[in-house]
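**Student:** File follows, run_12.pdb with PDB, C-alpha atoms and all ligand atoms:
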```
ATOM      1  CA  MET A 293      62.714-179.249  73.235
ATOM      2  CA  THR A 294      61.100-182.638  72.679
ATOM      3  CA  ILE A 295      60.581-183.506  69.038
ATOM      4  CA  ALA A 296      58.340-186.354  67.906
ATOM      5  CA  CYS A 297      58.882-187.694  64.384
ATOM      6  CA  HIS A 298      56.226-187.629  61.662
ATOM      7  CA  ALA A 299      56.260-187.661  57.879
ATOM      8  CA  SER A 300      59.254-185.931  56.311
ATOM      9  CA  ARG A 301      57.584-184.519  53.168
ATOM     10  CA  SER A 302      55.477-181.621  54.372
ATOM     11  CA  PRO A 303      55.242-177.845  54.307
ATOM     12  CA  LEU A 304      57.837-175.929  56.262
ATOM     13  CA  LEU A 305      55.504-174.830  59.036
ATOM     14  CA  GLU A 306      52.029-176.126  59.793
ATOM     15  CA  VAL A 307      49.615-174.690  62.300
ATOM     16  CA  ASP A 308      47.249-177.525  63.115
ATOM     17  CA  GLN A 309      43.788-176.837  64.542
ATOM     18  CA  VAL A 310      45.073-174.342  67.103
ATOM     19  CA  THR A 311      42.641-173.091  69.738
ATOM     20  CA  VAL A 312      43.607-170.430  72.292
ATOM     21  CA  ARG A 313      41.311-169.187  75.049
ATOM     22  CA  PHE A 314      41.905-166.277  77.374
ATOM     23  CA  GLY A 315      39.455-167.008  80.172
ATOM     24  CA  GLY A 316      36.048-167.163  78.474
ATOM     25  CA  LEU A 317      37.276-165.495  75.276
ATOM     26  CA  VAL A 318      38.229-167.678  72.331
ATOM     27  CA  ALA A 319      41.080-165.788  70.634
ATOM     28  CA  LEU A 320      41.738-168.573  68.091
ATOM     29  CA  ARG A 321      39.392-171.396  67.183
ATOM     30  CA  GLU A 322      40.763-174.434  65.337
ATOM     31  CA  VAL A 323      43.048-172.327  63.156
ATOM     32  CA  ALA A 324      44.957-174.253  60.506
ATOM     33  CA  LEU A 325      47.436-172.968  57.943
ATOM     34  CA  ALA A 326      50.657-173.995  56.249
ATOM     35  CA  VAL A 327      53.696-172.132  54.983
ATOM     36  CA  GLU A 328      55.099-173.768  51.861
ATOM     37  CA  PRO A 329      58.829-173.525  51.144
ATOM     38  CA  GLY A 330      59.839-170.500  49.080
ATOM     39  CA  THR A 331      56.550-168.658  49.527
ATOM     40  CA  VAL A 332      55.145-165.666  51.397
ATOM     41  CA  LEU A 333      52.027-166.323  53.469
ATOM     42  CA  GLY A 334      50.070-163.381  54.851
ATOM     43  CA  VAL A 335      47.719-163.422  57.826
ATOM     44  CA  ILE A 336      45.272-160.537  57.930
ATOM     45  CA  GLY A 337      42.122-159.629  59.787
ATOM     46  CA  PRO A 338      40.390-156.770  61.573
ATOM     47  CA  ASN A 339      41.326-155.571  65.058
ATOM     48  CA  GLY A 340      40.996-158.332  67.614
ATOM     49  CA  ALA A 341      40.817-161.068  64.941
ATOM     50  CA  GLY A 342      43.589-163.063  66.618
ATOM     51  CA  LYS A 343      46.611-162.197  64.429
ATOM     52  CA  THR A 344      48.953-161.344  67.292
ATOM     53  CA  THR A 345      47.816-164.360  69.269
ATOM     54  CA  LEU A 346      48.589-166.584  66.280
ATOM     55  CA  PHE A 347      52.012-164.962  65.860
ATOM     56  CA  ASN A 348      52.663-165.520  69.569
ATOM     57  CA  VAL A 349      51.679-169.178  69.293
ATOM     58  CA  ILE A 350      54.101-169.639  66.397
ATOM     59  CA  CYS A 351      56.881-167.901  68.339
ATOM     60  CA  GLY A 352      56.153-169.974  71.436
ATOM     61  CA  PHE A 353      55.036-167.041  73.619
ATOM     62  CA  VAL A 354      51.490-168.449  73.912
ATOM     63  CA  ARG A 355      50.698-172.126  74.335
ATOM     64  CA  PRO A 356      47.462-173.289  72.686
ATOM     65  CA  GLN A 357      44.888-175.227  74.666
ATOM     66  CA  GLN A 358      44.280-177.433  71.640
ATOM     67  CA  GLY A 359      46.180-178.194  68.455
ATOM     68  CA  GLY A 360      49.841-177.597  67.773
ATOM     69  CA  LEU A 361      52.621-176.843  65.319
ATOM     70  CA  ARG A 362      54.691-178.926  62.953
ATOM     71  CA  TRP A 363      58.071-177.829  61.636
ATOM     72  CA  ARG A 364      59.218-179.707  58.534
ATOM     73  CA  GLY A 365      56.676-182.412  59.350
ATOM     74  CA  THR A 366      57.877-182.812  62.903
ATOM     75  CA  GLU A 367      55.616-181.987  65.792
ATOM     76  CA  LEU A 368      56.951-179.233  68.035
ATOM     77  CA  THR A 369      56.476-179.675  71.723
ATOM     78  CA  ALA A 370      57.959-177.555  74.504
ATOM     79  CA  HIS A 371      58.281-174.887  71.821
ATOM     80  CA  SER A 372      59.743-171.584  73.080
ATOM     81  CA  PRO A 373      60.962-168.252  71.632
ATOM     82  CA  ARG A 374      64.532-169.033  72.747
ATOM     83  CA  LYS A 375      64.598-172.134  70.562
ATOM     84  CA  LEU A 376      63.335-170.544  67.345
ATOM     85  CA  ALA A 377      66.799-169.643  66.030
ATOM     86  CA  GLY A 378      68.004-173.209  66.473
ATOM     87  CA  LEU A 379      65.135-174.427  64.293
ATOM     88  CA  GLY A 380      65.983-171.953  61.543
ATOM     89  CA  ILE A 381      63.218-169.456  62.321
ATOM     90  CA  ALA A 382      63.841-165.722  62.780
ATOM     91  CA  ARG A 383      61.343-163.013  63.614
ATOM     92  CA  THR A 384      60.812-159.299  63.799
ATOM     93  CA  LEU A 385      58.373-157.979  66.377
ATOM     94  CA  GLN A 386      55.990-155.022  66.331
ATOM     95  CA  GLY A 387      58.316-152.987  68.553
ATOM     96  CA  LEU A 388      61.737-152.681  66.935
ATOM     97  CA  GLY A 389      63.584-154.093  69.941
ATOM     98  CA  LEU A 390      66.905-152.604  68.834
ATOM     99  CA  PHE A 391      69.605-151.992  71.424
ATOM    100  CA  PRO A 392      69.951-148.189  71.603
ATOM    101  CA  GLY A 393      73.541-148.280  72.880
ATOM    102  CA  LEU A 394      74.800-150.568  70.106
ATOM    103  CA  THR A 395      75.617-149.503  66.556
ATOM    104  CA  VAL A 396      73.565-150.746  63.635
ATOM    105  CA  LEU A 397      76.211-153.353  62.815
ATOM    106  CA  GLU A 398      76.398-154.546  66.422
ATOM    107  CA  ASN A 399      72.599-154.817  66.543
ATOM    108  CA  VAL A 400      72.623-156.942  63.403
ATOM    109  CA  LEU A 401      75.396-159.152  64.813
ATOM    110  CA  THR A 402      73.165-160.028  67.792
ATOM    111  CA  GLY A 403      70.866-161.837  65.337
ATOM    112  CA  GLY A 404      73.556-164.207  64.123
ATOM    113  CA  HIS A 405      73.518-166.977  66.708
ATOM    114  CA  ARG A 406      72.286-169.708  64.405
ATOM    115  CA  HIS A 407      75.534-170.271  62.553
ATOM    116  CA  ALA A 408      77.927-169.758  65.439
ATOM    117  CA  ARG A 409      79.486-173.151  66.064
ATOM    118  CA  ALA A 410      81.921-172.058  68.714
ATOM    119  CA  GLY A 411      80.525-171.981  72.251
ATOM    120  CA  ALA A 412      80.438-169.041  74.622
ATOM    121  CA  LEU A 413      83.554-170.238  76.468
ATOM    122  CA  SER A 414      85.711-170.447  73.361
ATOM    123  CA  THR A 415      84.369-167.067  72.277
ATOM    124  CA  LEU A 416      85.573-165.654  75.566
ATOM    125  CA  LEU A 417      88.922-167.322  75.202
ATOM    126  CA  GLY A 418      89.284-165.938  71.689
ATOM    127  CA  LEU A 419      89.895-169.328  70.097
ATOM    128  CA  ARG A 420      90.262-169.643  66.360
ATOM    129  CA  ALA A 421      86.846-171.206  65.620
ATOM    130  CA  ALA A 422      85.180-168.323  67.411
ATOM    131  CA  ALA A 423      87.247-165.804  65.454
ATOM    132  CA  ARG A 424      86.279-167.487  62.154
ATOM    133  CA  ASP A 425      82.587-167.522  63.138
ATOM    134  CA  GLU A 426      82.792-163.874  64.083
ATOM    135  CA  ALA A 427      84.472-162.889  60.811
ATOM    136  CA  ALA A 428      81.890-164.811  58.741
ATOM    137  CA  LEU A 429      79.039-163.286  60.733
ATOM    138  CA  ARG A 430      80.426-159.765  60.232
ATOM    139  CA  GLN A 431      80.700-160.385  56.524
ATOM    140  CA  ARG A 432      77.083-161.591  56.381
ATOM    141  CA  ALA A 433      75.917-158.639  58.464
ATOM    142  CA  HIS A 434      77.564-156.153  56.077
ATOM    143  CA  ALA A 435      76.108-158.028  53.086
ATOM    144  CA  VAL A 436      72.577-157.972  54.542
ATOM    145  CA  LEU A 437      72.832-154.261  55.367
ATOM    146  CA  ASP A 438      73.987-153.692  51.804
ATOM    147  CA  ASP A 439      71.066-155.768  50.428
ATOM    148  CA  LEU A 440      68.628-153.664  52.398
ATOM    149  CA  GLY A 441      70.190-150.442  51.136
ATOM    150  CA  ILE A 442      71.482-149.268  54.526
ATOM    151  CA  ALA A 443      75.176-150.224  54.385
ATOM    152  CA  SER A 444      76.241-146.644  55.127
ATOM    153  CA  THR A 445      74.460-146.689  58.507
ATOM    154  CA  HIS A 446      76.555-149.513  60.001
ATOM    155  CA  ALA A 447      78.386-147.307  62.511
ATOM    156  CA  SER A 448      75.337-145.229  63.527
ATOM    157  CA  LEU A 449      73.281-145.652  66.652
ATOM    158  CA  PRO A 450      69.691-146.661  65.779
ATOM    159  CA  GLY A 451      68.177-143.644  67.564
ATOM    160  CA  ALA A 452      69.912-141.306  65.119
ATOM    161  CA  LEU A 453      68.159-142.906  62.128
ATOM    162  CA  PRO A 454      64.672-142.417  60.635
ATOM    163  CA  TYR A 455      62.058-144.959  61.770
ATOM    164  CA  GLY A 456      61.879-146.647  58.360
ATOM    165  CA  VAL A 457      65.631-147.260  58.447
ATOM    166  CA  GLN A 458      65.423-148.630  61.990
ATOM    167  CA  LYS A 459      62.810-151.105  60.759
ATOM    168  CA  ARG A 460      65.251-152.259  58.090
ATOM    169  CA  VAL A 461      67.904-152.732  60.765
ATOM    170  CA  ALA A 462      65.494-154.990  62.669
ATOM    171  CA  LEU A 463      64.896-156.888  59.425
ATOM    172  CA  ALA A 464      68.636-157.192  58.824
ATOM    173  CA  ARG A 465      69.068-158.624  62.311
ATOM    174  CA  ALA A 466      66.525-161.356  61.482
ATOM    175  CA  LEU A 467      67.984-162.066  58.028
ATOM    176  CA  VAL A 468      71.602-162.349  59.167
ATOM    177  CA  ALA A 469      70.749-165.695  60.775
ATOM    178  CA  GLU A 470      69.858-166.961  57.260
ATOM    179  CA  PRO A 471      66.543-168.382  58.522
ATOM    180  CA  GLU A 472      64.485-170.919  56.626
ATOM    181  CA  LEU A 473      61.385-169.102  57.835
ATOM    182  CA  LEU A 474      61.108-165.400  58.570
ATOM    183  CA  LEU A 475      58.196-164.304  60.783
ATOM    184  CA  LEU A 476      57.203-160.654  60.415
ATOM    185  CA  ASP A 477      54.736-159.043  62.824
ATOM    186  CA  GLU A 478      53.189-155.901  61.327
ATOM    187  CA  PRO A 479      56.304-154.894  59.346
ATOM    188  CA  ALA A 480      54.429-152.046  57.635
ATOM    189  CA  SER A 481      53.384-150.219  60.785
ATOM    190  CA  GLY A 482      54.709-146.666  60.897
ATOM    191  CA  LEU A 483      55.903-146.711  57.268
ATOM    192  CA  SER A 484      54.837-144.352  54.476
ATOM    193  CA  ALA A 485      52.947-145.657  51.428
ATOM    194  CA  ASP A 486      56.147-145.600  49.340
ATOM    195  CA  GLU A 487      58.090-147.424  52.046
ATOM    196  CA  ILE A 488      55.324-150.055  52.245
ATOM    197  CA  ASP A 489      55.506-150.682  48.485
ATOM    198  CA  GLU A 490      59.281-150.940  48.687
ATOM    199  CA  LEU A 491      59.035-153.342  51.648
ATOM    200  CA  ALA A 492      56.482-155.510  49.832
ATOM    201  CA  ASP A 493      58.806-155.865  46.834
ATOM    202  CA  ARG A 494      61.699-156.592  49.155
ATOM    203  CA  ILE A 495      59.729-159.339  50.931
ATOM    204  CA  ARG A 496      58.886-160.912  47.575
ATOM    205  CA  GLY A 497      62.594-160.927  46.809
ATOM    206  CA  PHE A 498      63.337-162.819  50.044
ATOM    207  CA  THR A 499      61.725-166.006  48.704
ATOM    208  CA  THR A 500      64.950-167.008  46.968
ATOM    209  CA  ARG A 501      66.546-167.388  50.410
ATOM    210  CA  THR A 502      63.721-167.883  52.929
ATOM    211  CA  SER A 503      60.003-168.473  53.334
ATOM    212  CA  VAL A 504      58.017-165.727  55.012
ATOM    213  CA  LEU A 505      54.963-165.554  57.233
ATOM    214  CA  VAL A 506      53.740-162.001  57.636
ATOM    215  CA  VAL A 507      51.035-160.914  60.072
ATOM    216  CA  GLU A 508      49.823-157.529  58.931
ATOM    217  CA  HIS A 509      46.982-155.063  59.155
ATOM    218  CA  HIS A 510      47.909-153.261  55.925
ATOM    219  CA  MET A 511      46.108-154.802  52.952
ATOM    220  CA  ASP A 512      48.400-152.993  50.509
ATOM    221  CA  LEU A 513      51.453-154.815  51.814
ATOM    222  CA  VAL A 514      49.941-158.304  51.885
ATOM    223  CA  MET A 515      48.273-157.931  48.501
ATOM    224  CA  ARG A 516      51.610-157.000  46.936
ATOM    225  CA  ALA A 517      53.933-159.292  48.898
ATOM    226  CA  CYS A 518      52.050-162.563  49.469
ATOM    227  CA  ASP A 519      51.518-165.718  47.446
ATOM    228  CA  ARG A 520      48.659-166.737  49.710
ATOM    229  CA  ILE A 521      46.633-164.980  52.357
ATOM    230  CA  VAL A 522      44.755-166.346  55.367
ATOM    231  CA  VAL A 523      41.997-164.140  56.742
ATOM    232  CA  LEU A 524      41.040-164.301  60.399
ATOM    233  CA  ASN A 525      37.914-162.873  61.972
ATOM    234  CA  PHE A 526      36.940-163.376  65.602
ATOM    235  CA  GLY A 527      39.635-166.024  65.887
ATOM    236  CA  GLU A 528      38.471-168.136  62.958
ATOM    237  CA  VAL A 529      39.803-168.569  59.420
ATOM    238  CA  ILE A 530      37.080-167.121  57.197
ATOM    239  CA  ALA A 531      38.963-167.281  53.889
ATOM    240  CA  GLN A 532      42.259-168.243  52.358
ATOM    241  CA  GLY A 533      43.696-168.070  48.876
ATOM    242  CA  SER A 534      45.579-165.901  46.419
ATOM    243  CA  PRO A 535      45.573-162.097  46.812
ATOM    244  CA  ASP A 536      43.174-161.789  43.854
ATOM    245  CA  ARG A 537      40.782-164.257  45.391
ATOM    246  CA  ILE A 538      40.901-162.549  48.791
ATOM    247  CA  ARG A 539      40.457-159.119  47.204
ATOM    248  CA  ALA A 540      37.318-160.314  45.437
ATOM    249  CA  ASP A 541      35.811-162.167  48.399
ATOM    250  CA  PRO A 542      32.757-160.296  49.733
ATOM    251  CA  VAL A 543      32.950-162.160  53.058
ATOM    252  CA  VAL A 544      36.450-160.756  53.565
ATOM    253  CA  ALA A 545      35.433-157.246  52.568
ATOM    254  CA  GLU A 546      32.506-157.311  54.940
ATOM    255  CA  ALA A 547      34.473-158.746  57.865
ATOM    256  CA  TYR A 548      37.584-156.701  57.373
ATOM    257  CA  LEU A 549      36.146-153.371  56.378
ATOM    258  CA  GLY A 550      32.432-153.571  56.919
ATOM    259  CA  THR A 551      32.137-152.312  53.324
ATOM    260  CA  ALA A 552      32.153-154.583  50.311
ATOM    261  CA  GLY A 553      34.470-153.658  47.452
ATOM    262  CA  GLU A 554      37.061-151.658  49.377
ATOM    263  CA  ALA A 555      39.398-154.428  50.359
ATOM    264  CA  SER A 556      42.271-153.161  48.226
ATOM    265  CA  HIS A 557      42.275-149.735  49.881
ATOM    266  CA  ALA A 558      42.753-150.710  53.522
TER
HETATM  267  N1  LIG B   1      46.673-161.827  77.036
HETATM  268  C1  LIG B   1      45.383-161.696  76.743
HETATM  269  N2  LIG B   1      44.430-161.811  77.708
HETATM  270  C2  LIG B   1      43.136-161.698  77.404
HETATM  271  N3  LIG B   1      42.646-161.462  76.162
HETATM  272  C3  LIG B   1      43.545-161.346  75.178
HETATM  273  C4  LIG B   1      44.941-161.442  75.399
HETATM  274  N4  LIG B   1      45.590-161.275  74.226
HETATM  275  C5  LIG B   1      44.619-161.074  73.299
HETATM  276  N5  LIG B   1      43.405-161.117  73.865
HETATM  277  C6  LIG B   1      42.123-160.986  73.172
HETATM  278  O1  LIG B   1      42.116-161.964  72.147
HETATM  279  C7  LIG B   1      41.502-161.441  70.967
HETATM  280  C8  LIG B   1      42.492-161.502  69.817
HETATM  281  O2  LIG B   1      43.508-160.512  70.059
HETATM  282  P1  LIG B   1      44.774-160.312  69.124
HETATM  283  O3  LIG B   1      45.606-159.251  69.759
HETATM  284  O4  LIG B   1      45.385-161.611  68.838
HETATM  285  O5  LIG B   1      44.089-159.751  67.804
HETATM  286  P2  LIG B   1      44.761-158.968  66.583
HETATM  287  O6  LIG B   1      44.115-159.495  65.347
HETATM  288  O7  LIG B   1      46.231-159.038  66.686
HETATM  289  O8  LIG B   1      44.273-157.483  66.827
HETATM  290  P3  LIG B   1      45.034-156.096  66.490
HETATM  291  O9  LIG B   1      45.028-155.955  64.998
HETATM  292  O10 LIG B   1      44.123-155.090  67.148
HETATM  293  O11 LIG B   1      46.399-156.168  67.089
HETATM  294  C9  LIG B   1      41.056-160.024  71.308
HETATM  295  O12 LIG B   1      39.691-160.064  71.687
HETATM  296  C10 LIG B   1      41.938-159.649  72.470
HETATM  297  O13 LIG B   1      41.285-158.708  73.312
END
```
In structure tokens, what does this structure look like?
**Tutor:**
Amino acid sequence: MTIACHASRSPLLEVDQVTVRFGGLVALREVALAVEPGTVLGVIGPNGAGKTTLFNVICGFVRPQQGGLRWRGTELTAHSPRKLAGLGIARTLQGLGLFPGLTVLENVLTGGHRHARAGALSTLLGLRAAARDEAALRQRAHAVLDDLGIASTHASLPGALPYGVQKRVALARALVAEPELLLLDEPASGLSADEIDELADRIRGFTTRTSVLVVEHHMDLVMRACDRIVVLNFGEVIAQGSPDRIRADPVVAEAYLGTAGEASHA
């Protein structure tokens, strides 16, 4: 990846005037937002608003026609999903993406590349640095599973566990890398109301160790979990601010629900 230097004092991640077109359709138009260190930023919007496209731009799956990204004040070029971990960014995707033939612990271990100093060759040769990395990673994996309340599942195969628990495993796999930024794509999908509340509180708790950007359809989750919310509609930012401000914004209610005053119930 080529990195061009800019100012050093800046938010963790900045999305700068990003425009994405699919043929004649403008999926994102000059979208700008910033994730500040130690905060949770939510991106919401109705179906087709551009949330997934924005998430894919941040992950490097989709390249914008205009605009770009800055990470810690440094412009990212040749950005790709493979390089996210090296930057200190981890993500969970809409599909769980767990390996069905691996145990929960083994699945979580696959997320731990960032801290592994020993290369693949030394790992194969069983050298001491690789063994130390592996032991530290295992310890972190157990600790993260414990934090998420699923320590007892470490030897299970994911398919044997309830969906809500599998989602926590996917979260554990992202957290084990100790990212500076955690990207969550629709983490509430498929969860019960109680599980969503629990997840929102959990996400709030993450801010002591990581910043979070969450793309989500569920208003309940973002209202409870986020410090700031950006609202997209037809690919444009129509509002941004605190949850209270977004909840009270009639433009948001109209765009998101078509009915003013119901924003908190989506
Ligand atoms: N690969 C693609 N090719 C063509 N059009 C696309 C592509 N991906 C997304 N779009 C279009 O871009 C617009 C934004 O879609 P996107 O999936 O980003 O919205 P969204 O807010 O995530 O919606 P949802 O909540 O339904 O997932 C939509 O009109 C969608 O049909």
**Student:** Enter the distance from atom CA of A:Arg496 to atom CA of A:Gly527, in Å, rounded to one decimal.
**Tutor:**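 About the pair atom CA of A:Arg496 and atom CA of A:Gly527: they are 27.1 Å apart.
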**Student:** Could you tell me, counting all atoms listed in the file, which protein and nucleic acid residues lie no more than 12 Å from ligand LIG 1 (chain B), written as an NGL selection string?
**Tutor:** :A and (311-321 or 335-349 or 353-355 or 386 or 477-478 or 481 or 507-510 or 523-529 or 548)
**Student:** Smallest atom-to-atom distance to A:Gly533: which of A:Val307, A:Ala547, A:Met515, A:Leu379, using all atoms listed in the file?
**Tutor:**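 With all atoms listed in the file as the atom set, the closest residue is A:Met515.
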**Student:** List, as a list in words, every residue that the PyMOL selection byres (((chain A and resi 374) around 12) and not hetatm) selects in the file provided.
**Tutor:** Met293, Cys351, Gly352, Phe353, Ala370, His371, Ser372, Pro373, Lys375, Leu376, Ala377, Gly378, Leu379, Gly380, Ile381, Ala382, Arg383, His405 and Arg406 of chain A
**Student:** The PyMOL selection byres (((chain A and resi 401) around 7) and not hetatm) on the file shown: which residues, as a ChimeraX atom specification?
**Tutor:** /A:397-400,402-404,429-430,433,465
**Student:** Counting all atoms listed in the file, select every polymer residue within 10 Å of (54.8, -175.0, 55.6) as defined in the file's coordinates, and provide the selection as a list in words.
**Tutor:**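 Neighbouring residues, ordered by chain and number, come to Ser302, Pro303, Leu304, Leu305, Glu306, Val307, Leu325, Ala326, Val327, Glu328, Pro329, Gly330, Thr331, Leu333, Arg362, Trp363, Arg364, Gly365, Leu473, Ser503, Val504 and Leu505 of chain A.
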**Student:** Considering all atoms listed in the file, return as a list of chain:residue names whatever protein or nucleic-acid residues lie within 7 Å of A:Ala464, sequence-local ones (same chain, fewer than 3 positions apart) excluded.
**Tutor:**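 The filter keeps A:Val400, A:Val436, A:Leu437, A:Arg460, A:Val461, A:Leu467, A:Val468.
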**Student:** Keeping C-alpha atoms, export the residues of the selection given above as a PDB file, in the coordinates of the input.
**Tutor:**
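Writing done, so here's selection_20.pdb:
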```pdb
ATOM      1  CA  VAL A 400      72.623-156.942  63.403  1.00  0.00           C
ATOM      2  CA  VAL A 436      72.577-157.972  54.542  1.00  0.00           C
ATOM      3  CA  LEU A 437      72.832-154.261  55.367  1.00  0.00           C
ATOM      4  CA  ARG A 460      65.251-152.259  58.090  1.00  0.00           C
ATOM      5  CA  VAL A 461      67.904-152.732  60.765  1.00  0.00           C
ATOM      6  CA  LEU A 467      67.984-162.066  58.028  1.00  0.00           C
ATOM      7  CA  VAL A 468      71.602-162.349  59.167  1.00  0.00           C
TER       8      VAL A 468
END
```
**Student:** For the PyMOL selection byres (((chain A and resi 391) around 10) and not hetatm), applied here, can you spell out every residue it catches as a list in words?
**Tutor:** Leu388, Gly389, Leu390, Pro392, Gly393, Leu394, Thr395, Val396, Glu398, Asn399, Val400, Thr402, Leu449, Pro450 and Gly451 of chain A
**Student:** Between A:Asp308, A:Gly334, A:Asp489, A:Glu367, which residue has the minimum interatomic distance to A:Ile538, considering all atoms listed in the file?
**Tutor:**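 Of the candidates, the smallest distance to A:Ile538 is held by A:Gly334.
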**Student:** Would you compute an axis-aligned box for stretch 427-430 of chain A, covering every atom listed for it in the file with 3 Å of margin on each side, and report centre and edge lengths in Å to one decimal as lines of an AutoDock Vina configuration file?
**Tutor:**
```
center_x = 81.8
center_y = -162.3
center_z = 59.8
size_x = 11.4
size_y = 11.0
size_z = 8.1
```
**Student:** Calculate how many Å separate atom CA of A:Val514 from atom CA of A:Arg537, rounding to one decimal.
**Tutor:**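 So the two atoms, atom CA of A:Val514 and atom CA of A:Arg537, lie 12.7 Å apart.
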**Student:** Atom CA of A:Tyr455 and atom CA of A:Val332, how far apart in Å?
**Tutor:**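 These atoms are spaced 24.2 Å apart.
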**Student:** In terms of the shortest atom-to-atom distance over only C-alpha atoms, which of A:Val506, A:Ile488, A:Pro535, A:Ala480 is closest to A:Arg520?
**Tutor:**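 Of all the options, A:Pro535 lies closest to A:Arg520.
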**Student:** Return stretch 491-506 of chain A, completed with N, CA and C atoms, as an mmCIF file, in the coordinates of the input.
**Tutor:**
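Contents of the output file part-v7.cif:
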```
data_model
loop_
_atom_site.group_PDB
_atom_site.id
_atom_site.type_symbol
_atom_site.label_atom_id
_atom_site.label_comp_id
_atom_site.auth_asym_id
_atom_site.auth_seq_id
_atom_site.Cartn_x
_atom_site.Cartn_y
_atom_site.Cartn_z
ATOM 1 N N LEU A 491 58.906 -152.185 50.752
ATOM 2 C CA LEU A 491 59.035 -153.342 51.648
ATOM 3 C C LEU A 491 58.371 -154.576 51.039
ATOM 4 N N ALA A 492 57.198 -154.379 50.439
ATOM 5 C CA ALA A 492 56.482 -155.510 49.832
ATOM 6 C C ALA A 492 57.340 -156.155 48.743
ATOM 7 N N ASP A 493 57.959 -155.327 47.903
ATOM 8 C CA ASP A 493 58.806 -155.865 46.834
ATOM 9 C C ASP A 493 60.029 -156.577 47.420
ATOM 10 N N ARG A 494 60.543 -155.991 48.491
ATOM 11 C CA ARG A 494 61.699 -156.592 49.155
ATOM 12 C C ARG A 494 61.336 -157.981 49.710
ATOM 13 N N ILE A 495 60.169 -158.060 50.351
ATOM 14 C CA ILE A 495 59.729 -159.339 50.931
ATOM 15 C C ILE A 495 59.572 -160.388 49.834
ATOM 16 N N ARG A 496 59.011 -159.979 48.708
ATOM 17 C CA ARG A 496 58.886 -160.912 47.575
ATOM 18 C C ARG A 496 60.269 -161.441 47.162
ATOM 19 N N GLY A 497 61.229 -160.547 47.195
ATOM 20 C CA GLY A 497 62.594 -160.927 46.809
ATOM 21 C C GLY A 497 63.234 -161.899 47.788
ATOM 22 N N PHE A 498 62.746 -161.926 49.037
ATOM 23 C CA PHE A 498 63.337 -162.819 50.044
ATOM 24 C C PHE A 498 63.122 -164.293 49.721
ATOM 25 N N THR A 499 62.112 -164.600 48.871
ATOM 26 C CA THR A 499 61.725 -166.006 48.704
ATOM 27 C C THR A 499 62.819 -166.850 48.063
ATOM 28 N N THR A 500 63.836 -166.214 47.494
ATOM 29 C CA THR A 500 64.950 -167.008 46.968
ATOM 30 C C THR A 500 65.798 -167.555 48.123
ATOM 31 N N ARG A 501 65.692 -166.930 49.301
ATOM 32 C CA ARG A 501 66.546 -167.388 50.410
ATOM 33 C C ARG A 501 65.774 -167.852 51.631
ATOM 34 N N THR A 502 64.483 -167.489 51.748
ATOM 35 C CA THR A 502 63.721 -167.883 52.929
ATOM 36 C C THR A 502 62.222 -167.861 52.618
ATOM 37 N N SER A 503 61.454 -168.601 53.394
ATOM 38 C CA SER A 503 60.003 -168.473 53.334
ATOM 39 C C SER A 503 59.605 -167.408 54.347
ATOM 40 N N VAL A 504 58.431 -166.836 54.141
ATOM 41 C CA VAL A 504 58.017 -165.727 55.012
ATOM 42 C C VAL A 504 56.578 -165.930 55.461
ATOM 43 N N LEU A 505 56.333 -165.675 56.737
ATOM 44 C CA LEU A 505 54.963 -165.554 57.233
ATOM 45 C C LEU A 505 54.827 -164.146 57.789
ATOM 46 N N VAL A 506 53.890 -163.396 57.227
ATOM 47 C CA VAL A 506 53.740 -162.001 57.636
ATOM 48 C C VAL A 506 52.337 -161.773 58.194
#
```
